[in-house]
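Asker: Quick one, data.cif (mmCIF, C-alpha atoms; chains and numbers go by the auth columns):
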```cif
data_final
#
loop_
_atom_site.group_PDB
_atom_site.id
_atom_site.type_symbol
_atom_site.label_atom_id
_atom_site.label_comp_id
_atom_site.label_asym_id
_atom_site.label_seq_id
_atom_site.Cartn_x
_atom_site.Cartn_y
_atom_site.Cartn_z
_atom_site.B_iso_or_equiv
_atom_site.auth_seq_id
_atom_site.auth_asym_id
ATOM 1 C CA MET A 1 31.097 9.601 20.851 0.00 15 A
ATOM 2 C CA GLN A 2 29.654 10.116 17.371 0.00 16 A
ATOM 3 C CA TRP A 3 28.071 7.812 14.805 0.00 17 A
ATOM 4 C CA SER A 4 31.219 7.838 12.713 0.00 18 A
ATOM 5 C CA ASP A 5 33.135 6.397 15.686 0.00 19 A
ATOM 6 C CA LEU A 6 30.642 3.520 15.962 0.00 20 A
ATOM 7 C CA LEU A 7 30.713 2.847 12.221 0.00 21 A
ATOM 8 C CA GLY A 8 34.502 2.694 12.367 0.00 22 A
ATOM 9 C CA LEU A 9 34.188 -0.370 14.608 0.00 23 A
ATOM 10 C CA LEU A 10 32.404 -2.362 11.885 0.00 24 A
ATOM 11 C CA PRO A 11 34.337 -4.202 9.170 0.00 25 A
ATOM 12 C CA PRO A 12 34.163 -2.599 5.696 0.00 26 A
ATOM 13 C CA GLN A 13 32.320 -5.644 4.281 0.00 27 A
ATOM 14 C CA VAL A 14 29.432 -5.131 6.710 0.00 28 A
ATOM 15 C CA LEU A 15 29.178 -1.460 5.783 0.00 29 A
ATOM 16 C CA PHE A 16 29.334 -2.270 2.055 0.00 30 A
ATOM 17 C CA TRP A 17 26.653 -4.981 2.104 0.00 31 A
ATOM 18 C CA GLY A 18 24.474 -3.018 4.507 0.00 32 A
ATOM 19 C CA GLY A 19 24.642 -0.027 2.173 0.00 33 A
ATOM 20 C CA MET A 20 23.920 -2.203 -0.868 0.00 34 A
ATOM 21 C CA PHE A 21 20.879 -3.673 0.877 0.00 35 A
ATOM 22 C CA LEU A 22 19.516 -0.199 1.660 0.00 36 A
ATOM 23 C CA VAL A 23 20.086 1.051 -1.884 0.00 37 A
ATOM 24 C CA LEU A 24 18.517 -2.016 -3.521 0.00 38 A
ATOM 25 C CA ALA A 25 15.542 -1.999 -1.128 0.00 39 A
ATOM 26 C CA SER A 26 14.988 1.680 -1.872 0.00 40 A
ATOM 27 C CA VAL A 27 15.135 1.078 -5.633 0.00 41 A
ATOM 28 C CA LEU A 28 12.700 -1.857 -5.361 0.00 42 A
ATOM 29 C CA LEU A 29 10.167 0.157 -3.355 0.00 43 A
ATOM 30 C CA ASN A 30 10.411 3.133 -5.706 0.00 44 A
ATOM 31 C CA VAL A 31 9.982 0.955 -8.794 0.00 45 A
ATOM 32 C CA CYS A 32 6.946 -0.714 -7.193 0.00 46 A
ATOM 33 C CA GLY A 33 5.465 2.692 -6.383 0.00 47 A
ATOM 34 C CA PHE A 34 6.032 3.879 -9.960 0.00 48 A
ATOM 35 C CA LEU A 35 4.532 0.730 -11.494 0.00 49 A
ATOM 36 C CA ARG A 36 1.599 0.855 -9.087 0.00 50 A
ATOM 37 C CA SER A 37 0.821 4.409 -10.173 0.00 51 A
ATOM 38 C CA ARG A 38 0.861 3.442 -13.873 0.00 52 A
ATOM 39 C CA ILE A 39 -0.919 0.067 -13.887 0.00 53 A
ATOM 40 C CA ALA A 40 -4.707 -0.065 -13.622 0.00 54 A
ATOM 41 C CA PRO A 41 -6.240 -2.595 -11.204 0.00 55 A
ATOM 42 C CA PRO A 42 -7.046 -5.943 -12.840 0.00 56 A
ATOM 43 C CA ALA A 43 -10.555 -7.295 -13.108 0.00 57 A
ATOM 44 C CA PRO A 44 -11.815 -9.254 -10.088 0.00 58 A
ATOM 45 C CA GLY A 45 -11.033 -12.941 -10.471 0.00 59 A
ATOM 46 C CA SER A 46 -8.169 -12.248 -12.878 0.00 60 A
ATOM 47 C CA LEU A 47 -4.883 -14.098 -12.663 0.00 61 A
ATOM 48 C CA TRP A 48 -3.179 -10.736 -12.050 0.00 62 A
ATOM 49 C CA VAL A 49 -5.015 -9.924 -8.795 0.00 63 A
ATOM 50 C CA ARG A 50 -2.377 -11.451 -6.460 0.00 64 A
ATOM 51 C CA PRO A 51 0.644 -9.896 -8.248 0.00 65 A
ATOM 52 C CA TYR A 52 -1.166 -6.538 -8.223 0.00 66 A
ATOM 53 C CA GLN A 53 -1.851 -6.844 -4.497 0.00 67 A
ATOM 54 C CA LEU A 54 1.811 -7.732 -3.884 0.00 68 A
ATOM 55 C CA LEU A 55 2.858 -4.718 -5.937 0.00 69 A
ATOM 56 C CA SER A 56 0.499 -2.519 -3.902 0.00 70 A
ATOM 57 C CA PHE A 57 1.874 -3.969 -0.672 0.00 71 A
ATOM 58 C CA LEU A 58 5.471 -3.287 -1.688 0.00 72 A
ATOM 59 C CA ALA A 59 4.503 0.230 -2.732 0.00 73 A
ATOM 60 C CA PHE A 60 3.157 0.831 0.819 0.00 74 A
ATOM 61 C CA GLU A 61 -0.364 1.483 -0.442 0.00 75 A
ATOM 62 C CA GLN A 62 -2.392 -0.539 2.027 0.00 76 A
ATOM 63 C CA LYS A 63 -4.199 2.174 3.964 0.00 77 A
ATOM 64 C CA TYR A 64 -4.667 5.396 2.036 0.00 78 A
ATOM 65 C CA ALA A 65 -5.292 3.579 -1.254 0.00 79 A
ATOM 66 C CA ALA A 66 -7.386 0.796 0.231 0.00 80 A
ATOM 67 C CA ALA A 67 -9.995 0.973 -2.516 0.00 81 A
ATOM 68 C CA MET A 68 -7.329 0.486 -5.178 0.00 82 A
ATOM 69 C CA TYR A 69 -5.701 -2.311 -3.203 0.00 83 A
ATOM 70 C CA LYS A 70 -8.949 -4.267 -2.895 0.00 84 A
ATOM 71 C CA ILE A 71 -9.826 -5.450 -6.358 0.00 85 A
ATOM 72 C CA GLY A 72 -13.438 -4.863 -7.341 0.00 86 A
ATOM 73 C CA LEU A 73 -14.184 -2.241 -4.673 0.00 87 A
ATOM 74 C CA THR A 74 -14.465 1.516 -5.031 0.00 88 A
ATOM 75 C CA ALA A 75 -14.557 4.327 -2.530 0.00 89 A
ATOM 76 C CA VAL A 76 -16.292 7.684 -2.550 0.00 90 A
ATOM 77 C CA MET A 77 -14.421 10.565 -0.968 0.00 91 A
ATOM 78 C CA THR A 78 -16.861 12.824 0.844 0.00 92 A
ATOM 79 C CA THR A 79 -17.133 15.242 3.719 0.00 93 A
ATOM 80 C CA ARG A 80 -18.289 14.051 7.108 0.00 94 A
ATOM 81 C CA ALA A 81 -21.466 16.093 6.725 0.00 95 A
ATOM 82 C CA GLU A 82 -22.406 14.335 3.470 0.00 96 A
ATOM 83 C CA ALA A 83 -21.436 10.808 4.581 0.00 97 A
ATOM 84 C CA PRO A 84 -24.818 9.941 6.164 0.00 98 A
ATOM 85 C CA LEU A 85 -26.629 11.065 3.001 0.00 99 A
ATOM 86 C CA LEU A 86 -24.425 8.882 0.809 0.00 100 A
ATOM 87 C CA LYS A 87 -24.837 5.903 3.123 0.00 101 A
ATOM 88 C CA LYS A 88 -28.625 6.312 3.020 0.00 102 A
ATOM 89 C CA ALA A 89 -28.615 6.653 -0.771 0.00 103 A
ATOM 90 C CA GLY A 90 -26.470 3.527 -1.059 0.00 104 A
ATOM 91 C CA ALA A 91 -28.695 1.560 1.296 0.00 105 A
ATOM 92 C CA ASP A 92 -31.843 2.700 -0.545 0.00 106 A
ATOM 93 C CA SER A 93 -30.424 1.541 -3.871 0.00 107 A
ATOM 94 C CA GLY A 94 -29.317 -1.830 -2.495 0.00 108 A
ATOM 95 C CA VAL A 95 -25.575 -1.092 -2.535 0.00 109 A
ATOM 96 C CA GLN A 96 -23.809 -2.855 0.290 0.00 110 A
ATOM 97 C CA ILE A 97 -21.748 -0.521 2.503 0.00 111 A
ATOM 98 C CA LEU A 98 -18.430 -2.005 3.667 0.00 112 A
ATOM 99 C CA ASP A 99 -16.161 -0.981 6.521 0.00 113 A
ATOM 100 C CA SER A 100 -12.415 -0.344 6.127 0.00 114 A
ATOM 101 C CA LYS A 101 -11.706 -4.087 6.388 0.00 115 A
ATOM 102 C CA GLY A 102 -14.131 -4.977 3.566 0.00 116 A
ATOM 103 C CA LYS A 103 -16.773 -6.475 5.868 0.00 117 A
ATOM 104 C CA PRO A 104 -20.427 -5.442 5.514 0.00 118 A
ATOM 105 C CA LYS A 105 -21.420 -2.654 7.884 0.00 119 A
ATOM 106 C CA ALA A 106 -24.559 -2.915 9.974 0.00 120 A
ATOM 107 C CA PRO A 107 -27.138 -0.327 8.900 0.00 121 A
ATOM 108 C CA THR A 108 -27.266 2.724 11.165 0.00 122 A
#
```
Mind turning this structure into structure tokens?

Answerer:
Amino acid sequence: MQWSDLLGLLPPQVLFWGGMFLVLASVLLNVCGFLRSRIAPPAPGSLWVRPYQLLSFLAFEQKYAAAMYKIGLTAVMTTRAEAPLLKKAGADSGVQILDSKGKPKAPT
């Protein structure tokens, strides 16, 4: 038995609306990804923070673009060898170091 045999059991309306849903969902996610790549993050406290976060969520940019998703935060990409030096420099200058969830990290 093949997939085409199983799809033949479904009424054409189900196949049509299922296909339309997949196409429209794909278009929505691609448009969100495009807009997200072109629009700069709003200022913290702005009225546009929530719509920007929704746009980032729909563009699937929660993990690898976490610094862009969290308004007002930045991230420094570094090697593992340099990470302790950057953490020490940040702590010495009074910059608060946050974990991946945005909570303050305990000094190490």

Asker: Given only C-alpha atoms as the basis, pick out the residue of A:Ile111, A:Leu69, A:Leu99, A:Leu61 nearest to Asn44 of chain A.

Answerer: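 Comparing A:Ile111, A:Leu69, A:Leu99, A:Leu61 against Asn44 of chain A, the winner is A:Leu69.
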
Asker: Which value, in Å to one decimal, gives the distance between atom CA of Ala73 of chain A and atom CA of Leu112 of chain A?

Answerer: 23.9 Å

Asker: One decimal, in Å: what's the spacing between atom CA of Pro118 of chain A and atom CA of Phe71 of chain A?

Answerer: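 That distance, rounded to one decimal, is 23.2 Å.
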
Asker: Between atom CA of Gly104 of chain A and atom CA of Pro55 of chain A, measure the distance and give it in Å to one decimal.

Answerer: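 Taking atom CA of Gly104 of chain A as the start and atom CA of Pro55 of chain A as the end point, the length is 23.4 Å.
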
Asker: Point out the residue among A:Trp17, A:Phe74, A:Phe30, A:Trp62 with the least atom-to-atom distance to Phe48 of chain A, counting all atoms listed in the file.

Answerer: A:Phe74
